[in-house]
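Pasted below: input_23.cif, mmCIF, C-alpha atoms.
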```cif
data_query
loop_
_atom_site.label_atom_id
_atom_site.label_comp_id
_atom_site.auth_asym_id
_atom_site.auth_seq_id
_atom_site.Cartn_x
_atom_site.Cartn_y
_atom_site.Cartn_z
CA MET L 116 65.97 188.85 88.66
CA THR L 117 67.72 191.82 90.28
CA ALA L 118 71.50 191.87 90.77
CA THR L 119 71.11 191.48 94.57
CA ARG L 120 68.74 188.50 94.16
CA LYS L 121 71.12 186.92 91.67
CA LYS L 122 74.01 187.36 94.10
CA GLN L 123 71.98 185.83 96.97
CA ALA L 124 70.92 182.84 94.82
CA TYR L 125 74.54 182.32 93.78
CA ALA L 126 75.74 182.43 97.42
CA PHE L 127 72.99 179.95 98.39
CA ARG L 128 74.00 177.48 95.64
CA LEU L 129 77.61 177.83 96.69
CA GLY L 130 76.68 177.14 100.36
CA VAL L 131 74.61 174.05 99.49
CA ILE L 132 77.40 172.58 97.34
CA LEU L 133 79.96 173.35 100.06
CA VAL L 134 77.93 171.55 102.79
CA LEU L 135 77.35 168.58 100.47
CA PHE L 136 81.09 168.37 99.75
CA LEU L 137 82.05 168.54 103.45
CA THR L 138 79.52 165.82 104.36
CA LEU L 139 80.66 163.43 101.61
CA LYS L 140 84.35 164.03 102.34
CA ALA L 141 83.98 163.48 106.11
CA ALA L 142 81.85 160.34 105.70
CA GLY L 143 84.25 159.00 103.05
CA ASN L 144 87.40 159.60 105.11
CA LEU L 145 85.87 158.04 108.22
CA SER L 146 84.66 154.94 106.38
CA LEU L 147 88.05 154.57 104.64
CA ALA L 148 89.94 154.91 107.93
CA LEU L 149 87.65 152.37 109.64
CA GLY L 150 88.17 149.90 106.78
CA MET L 151 91.95 150.36 106.50
CA LYS L 152 92.49 149.88 110.23
CA HIS L 153 91.11 146.31 109.87
CA LEU L 154 93.66 145.37 107.19
CA PRO L 155 97.31 144.29 107.61
CA PRO L 156 99.92 147.02 106.80
CA ALA L 157 100.66 147.19 103.03
CA SER L 158 103.65 148.37 101.01
CA PRO L 159 102.91 151.51 98.92
CA ALA L 160 104.56 149.72 95.94
CA ASN L 161 102.13 146.81 96.00
CA PRO L 162 99.10 147.58 93.79
CA LEU L 163 97.42 144.26 94.68
CA ALA L 164 97.08 145.43 98.27
CA TYR L 165 94.90 148.34 97.07
CA VAL L 166 92.65 146.01 95.06
CA GLN L 167 92.29 143.72 98.10
CA ALA L 168 91.51 146.73 100.28
CA MET L 169 88.63 147.68 97.94
CA LEU L 170 86.90 144.40 98.87
CA ASP L 171 86.42 145.64 102.43
CA PRO L 172 82.86 147.13 102.62
CA PHE L 173 84.00 150.14 104.68
CA VAL L 174 86.79 150.91 102.20
CA ALA L 175 84.40 150.47 99.24
CA ALA L 176 81.77 152.79 100.82
CA GLY L 177 84.50 155.31 101.60
CA VAL L 178 85.75 155.23 98.00
CA VAL L 179 82.22 155.80 96.61
CA ALA L 180 81.65 158.76 98.97
CA LEU L 181 85.05 160.26 98.06
CA ILE L 182 84.41 159.87 94.30
CA LEU L 183 81.12 161.76 94.74
CA ALA L 184 83.01 164.36 96.80
CA VAL L 185 85.45 164.85 93.88
CA LEU L 186 82.57 165.53 91.47
CA VAL L 187 80.87 167.92 93.90
CA ARG L 188 84.18 169.75 94.44
CA MET L 189 84.54 170.15 90.67
CA ALA L 190 81.15 171.88 90.66
CA LEU L 191 82.38 174.06 93.54
CA LEU L 192 85.48 175.02 91.52
CA SER L 193 83.24 176.01 88.61
CA LEU L 194 81.62 178.59 90.93
CA ALA L 195 84.52 179.89 93.01
CA ASP L 196 88.29 180.52 93.02
CA LEU L 197 90.74 177.81 94.11
CA SER L 198 92.14 180.29 96.68
CA PHE L 199 88.57 180.61 98.06
CA VAL L 200 87.65 176.91 97.98
CA LEU L 201 90.85 175.70 99.73
CA PRO L 202 90.54 177.62 103.04
CA VAL L 203 86.75 177.31 103.20
CA THR L 204 86.84 173.53 102.72
CA ALA L 205 89.51 173.32 105.47
CA VAL L 206 86.52 173.21 107.84
CA GLY L 207 86.66 169.51 106.91
CA TYR L 208 89.71 169.17 109.21
CA VAL L 209 87.54 170.23 112.13
CA VAL L 210 84.95 167.60 111.19
CA ALA L 211 87.77 165.01 110.86
CA ALA L 212 89.03 165.82 114.39
CA PHE L 213 85.50 165.33 115.81
CA LEU L 214 84.94 162.08 113.89
CA GLY L 215 88.43 160.77 114.74
CA ARG L 216 87.73 161.35 118.41
CA THR L 217 84.16 160.02 118.42
CA PHE L 218 84.39 156.95 116.17
CA LEU L 219 88.09 156.02 116.12
CA HIS L 220 88.77 157.01 119.76
CA GLU L 221 91.80 159.09 118.72
CA ALA L 222 93.14 161.53 121.32
CA VAL L 223 92.52 165.19 120.40
CA SER L 224 94.71 167.52 122.49
CA ALA L 225 93.95 171.11 123.57
CA GLN L 226 96.43 172.27 120.88
CA ARG L 227 94.38 170.48 118.22
CA TRP L 228 91.13 172.04 119.43
CA LEU L 229 92.81 175.49 119.30
CA GLY L 230 93.89 174.68 115.73
CA THR L 231 90.34 173.71 114.77
CA ALA L 232 89.02 176.99 116.23
CA LEU L 233 91.55 178.94 114.09
CA ILE L 234 90.48 177.00 110.98
CA VAL L 235 86.84 177.96 111.58
CA VAL L 236 87.71 181.66 112.13
CA GLY L 237 90.01 181.75 109.07
CA ALA L 238 87.43 180.00 106.88
CA MET L 239 84.81 182.57 107.96
CA VAL L 240 87.15 185.44 107.00
CA VAL L 241 87.86 183.88 103.58
CA GLY L 242 84.14 183.09 103.17
CA SER L 243 83.36 186.82 103.42
CA THR L 244 85.53 187.63 100.34
CA THR L 245 84.42 187.69 96.69
CA HIS L 246 83.98 184.06 95.63
CA SER L 247 85.30 184.36 92.12
CA THR L 248 87.87 186.85 90.83
CA ASN L 249 89.00 185.33 87.54
CA GLY L 250 85.93 184.69 85.49
CA ALA L 251 83.43 182.19 86.97
CA ARG L 252 80.25 182.40 84.96
CA PRO L 253 77.22 182.07 87.30
CA LYS L 254 73.89 181.22 85.60
CA MET F 456 108.69 157.06 105.34
CA LYS F 457 105.65 159.07 106.44
CA TRP F 458 107.16 162.34 105.12
CA ILE F 459 107.92 160.75 101.71
CA LEU F 460 104.27 159.77 101.53
CA VAL F 461 103.23 163.31 102.52
CA ALA F 462 105.53 164.84 99.83
CA ALA F 463 104.15 162.55 97.09
CA MET F 464 100.59 163.28 98.17
CA VAL F 465 101.13 167.07 98.27
CA SER F 466 102.78 167.30 94.80
CA ALA F 467 100.00 165.26 93.21
CA THR F 468 97.30 167.30 94.98
CA VAL F 469 98.71 170.68 93.87
CA LEU F 470 98.90 169.65 90.21
CA SER F 471 95.46 168.08 90.32
CA ASP F 472 93.81 171.16 91.86
CA LEU F 473 95.44 173.60 89.44
CA LEU F 474 94.32 171.60 86.40
CA GLN F 475 90.82 171.10 87.81
CA SER F 476 90.29 174.73 88.77
CA TYR F 477 91.50 175.92 85.34
CA GLU F 478 89.19 173.57 83.43
CA MET F 479 86.13 174.10 85.64
CA LYS F 480 86.36 177.88 85.35
CA ARG F 481 86.45 177.45 81.57
CA ALA F 482 83.43 175.13 81.70
CA GLY F 483 81.22 177.61 83.62
CA GLU F 484 78.80 176.91 86.48
CA GLN F 485 77.91 173.26 87.11
CA THR F 486 75.13 171.68 89.21
CA VAL F 487 75.23 168.69 91.60
CA ASP F 488 71.90 166.97 90.87
CA ALA F 489 71.99 163.54 89.14
CA ARG F 490 72.09 165.15 85.67
CA GLY F 491 74.79 167.57 86.72
CA LEU F 492 76.97 164.78 88.14
CA MET F 493 76.57 162.74 84.92
CA LYS F 494 77.54 165.83 82.92
CA LEU F 495 80.65 166.23 85.09
CA LEU F 496 81.60 162.56 84.45
CA ARG F 497 81.23 163.07 80.69
CA MET F 498 83.30 166.24 80.95
CA ILE F 499 86.14 164.31 82.64
CA ALA F 500 86.16 161.81 79.76
CA ARG F 501 86.39 164.57 77.13
CA ARG F 502 88.91 167.04 78.57
CA SER F 503 92.57 165.98 78.75
CA PHE F 504 93.46 168.36 81.60
CA LEU F 505 90.66 166.85 83.69
CA ILE F 506 91.85 163.29 82.89
CA LEU F 507 95.37 164.28 83.99
CA SER F 508 93.93 165.95 87.07
CA ILE F 509 92.05 162.76 88.02
CA GLY F 510 95.28 160.75 87.49
CA CYS F 511 97.11 163.04 89.95
CA LEU F 512 94.16 162.78 92.32
CA ALA F 513 94.40 158.97 92.17
CA ILE F 514 98.11 159.12 93.11
CA SER F 515 97.26 161.51 95.94
CA PHE F 516 94.39 159.26 97.08
CA PHE F 517 96.36 155.99 97.16
CA THR F 518 99.21 157.69 99.02
CA PHE F 519 96.60 158.96 101.48
CA MET F 520 95.23 155.43 101.93
CA VAL F 521 98.67 154.14 102.96
CA LEU F 522 99.20 157.15 105.24
CA VAL F 523 95.84 156.72 106.95
CA GLN F 524 96.66 153.06 107.59
CA ARG F 525 100.03 153.83 109.21
CA GLU F 526 99.20 157.08 111.03
CA PRO F 527 96.16 158.42 112.95
CA LEU F 528 93.45 160.09 110.85
CA SER F 529 94.03 163.24 112.91
CA PHE F 530 97.64 163.36 111.53
CA ALA F 531 96.95 162.16 107.98
CA VAL F 532 94.17 164.64 107.21
CA PRO F 533 95.94 167.85 108.34
CA ALA F 534 99.27 166.64 106.85
CA SER F 535 97.55 166.70 103.47
CA ALA F 536 97.09 170.44 104.03
CA ALA F 537 100.81 171.06 103.41
CA SER F 538 99.69 171.75 99.83
CA PHE F 539 97.81 174.80 101.10
CA VAL F 540 100.58 177.41 100.71
CA LEU F 541 101.83 176.06 97.37
CA GLU F 542 98.31 176.09 95.96
CA ALA F 543 97.54 179.64 97.13
CA VAL F 544 100.74 180.93 95.44
CA ALA F 545 100.03 178.91 92.29
CA ALA F 546 96.42 180.19 92.20
CA LYS F 547 97.75 183.77 92.07
CA ILE F 548 100.54 183.14 89.55
CA VAL F 549 99.11 180.43 87.28
CA LEU F 550 95.34 180.98 87.57
CA ARG F 551 95.65 184.79 87.98
CA GLU F 552 93.24 184.88 90.94
CA HIS F 553 93.05 188.13 92.89
CA ILE F 554 94.04 187.36 96.48
CA SER F 555 92.88 190.32 98.59
CA VAL F 556 94.41 191.21 101.96
CA ARG F 557 91.32 189.80 103.70
CA ARG F 558 91.50 186.50 101.81
CA ALA F 559 95.26 186.17 102.44
CA THR F 560 94.72 186.92 106.15
CA GLY F 561 91.95 184.33 106.41
CA ALA F 562 94.05 181.75 104.57
CA LEU F 563 97.00 182.40 106.92
CA ILE F 564 94.74 181.95 109.97
CA VAL F 565 93.51 178.64 108.48
CA LEU F 566 97.12 177.59 107.81
CA CYS F 567 98.10 178.31 111.45
CA GLY F 568 95.11 176.23 112.53
CA VAL F 569 96.08 173.36 110.23
CA ILE F 570 99.67 173.40 111.57
CA LEU F 571 98.38 173.32 115.16
CA VAL F 572 95.97 170.48 114.37
CA GLY F 573 98.76 168.48 112.73
CA GLY F 574 101.40 169.25 115.39
#
```
Would you write out, as structure tokens, the structure that this file holds?
Amino acid sequence: MTATRKKQAYAFRLGVILVLFLTLKAAGNLSLALGMKHLPPASPANPLAYVQAMLDPFVAAGVVALILAVLVRMALLSLADLSFVLPVTAVGYVVAAFLGRTFLHEAVSAQRWLGTALIVVGAMVVGSTTHSTNGARPK
Amino acid sequence: MKWILVAAMVSATVLSDLLQSYEMKRAGEQTVDARGLMKLLRMIARRSFLILSIGCLAISFFTFMVLVQREPLSFAVPASAASFVLEAVAAKIVLREHISVRRATGALIVLCGVILVGG
């Protein structure tokens, strides 16, 4: 495989893992938020409240999706720098704003939409930089 | 109370990400098929930095759960991005990543966006 082909294949794998991570994270956060809104407010110092919360199907589904998102993000970090992964995965905030508005009926102001546009532009700029600068070892 | 929760969540997230990034770079490229995910789970069980990283992630996660219950998702999610600046600095100093002008510019644009979304 030529160096250019190798680079393209590496960028493709990175893109697929990134999309998978964003999907799992968004679905997990939404499900968790839906589940937690049904429950009475809990004290952060009460561990039993967390165990009880896990019995809610929305919370449980959210937890599973977020655990998978953690594993997928670990794979992402094996391919790219932390300073690359952080801004690029910030696109998740845009997805969260859309989901919050659509499913949780949260108000999203013009300022928030401007913020989401900046996140997309910034993520595109970071996405155009070298993915790994301190020794990732692509196959 | 909400800012105490944000501070706890941010500290735990920064430590978790630094440990995870360090260990995953050492491990080399990983895949996300069923076998790859199982391999990642086994890796967590064997490497102490990854165990510690998951512990910090758990603290960050439970703090997030409380935050998401008390505040709108559209506040809780961007508030978690306060770790952004700390992590970028730590990535350069601790992980010795090369942060080019273009990457720093992009990250700053993202940060402005996150602040606007959270504000």
Next item on the list: List the residues selected by the PyMOL selection byres ((chain F and resi 564-568) around 8) in the file shown, writing them as a ChimeraX atom specification.
Entry: /L:202,205,229-238 /F:539-540,560-563,569-572
Next item on the list: Considering only C-alpha atoms, extract the chain F residues located within 8 Å of chain L and return them as a VMD selection string.
Entry: chain F and resid 472 to 473 475 to 476 479 to 487 492 495 to 496 517 to 518 520 to 521 523 to 525 527 to 529 532 to 533 539 542 to 543 546 550 to 554 557 to 574
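Counting all atoms listed in the file, the residue from F:Val469, F:Tyr477, F:Val556, F:Ala462 that sits nearest to Phe504 of chain F is F:Tyr477.
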Next item on the list: Extract, using all atoms listed in the file, all DNA, RNA and protein residues at most 10 Å from Met464 of chain F, discarding same-chain residues fewer than 4 positions from it, and format them as an NGL selection string.
Entry: :F and (458-460 or 468-469 or 511-519 or 522 or 534-538)
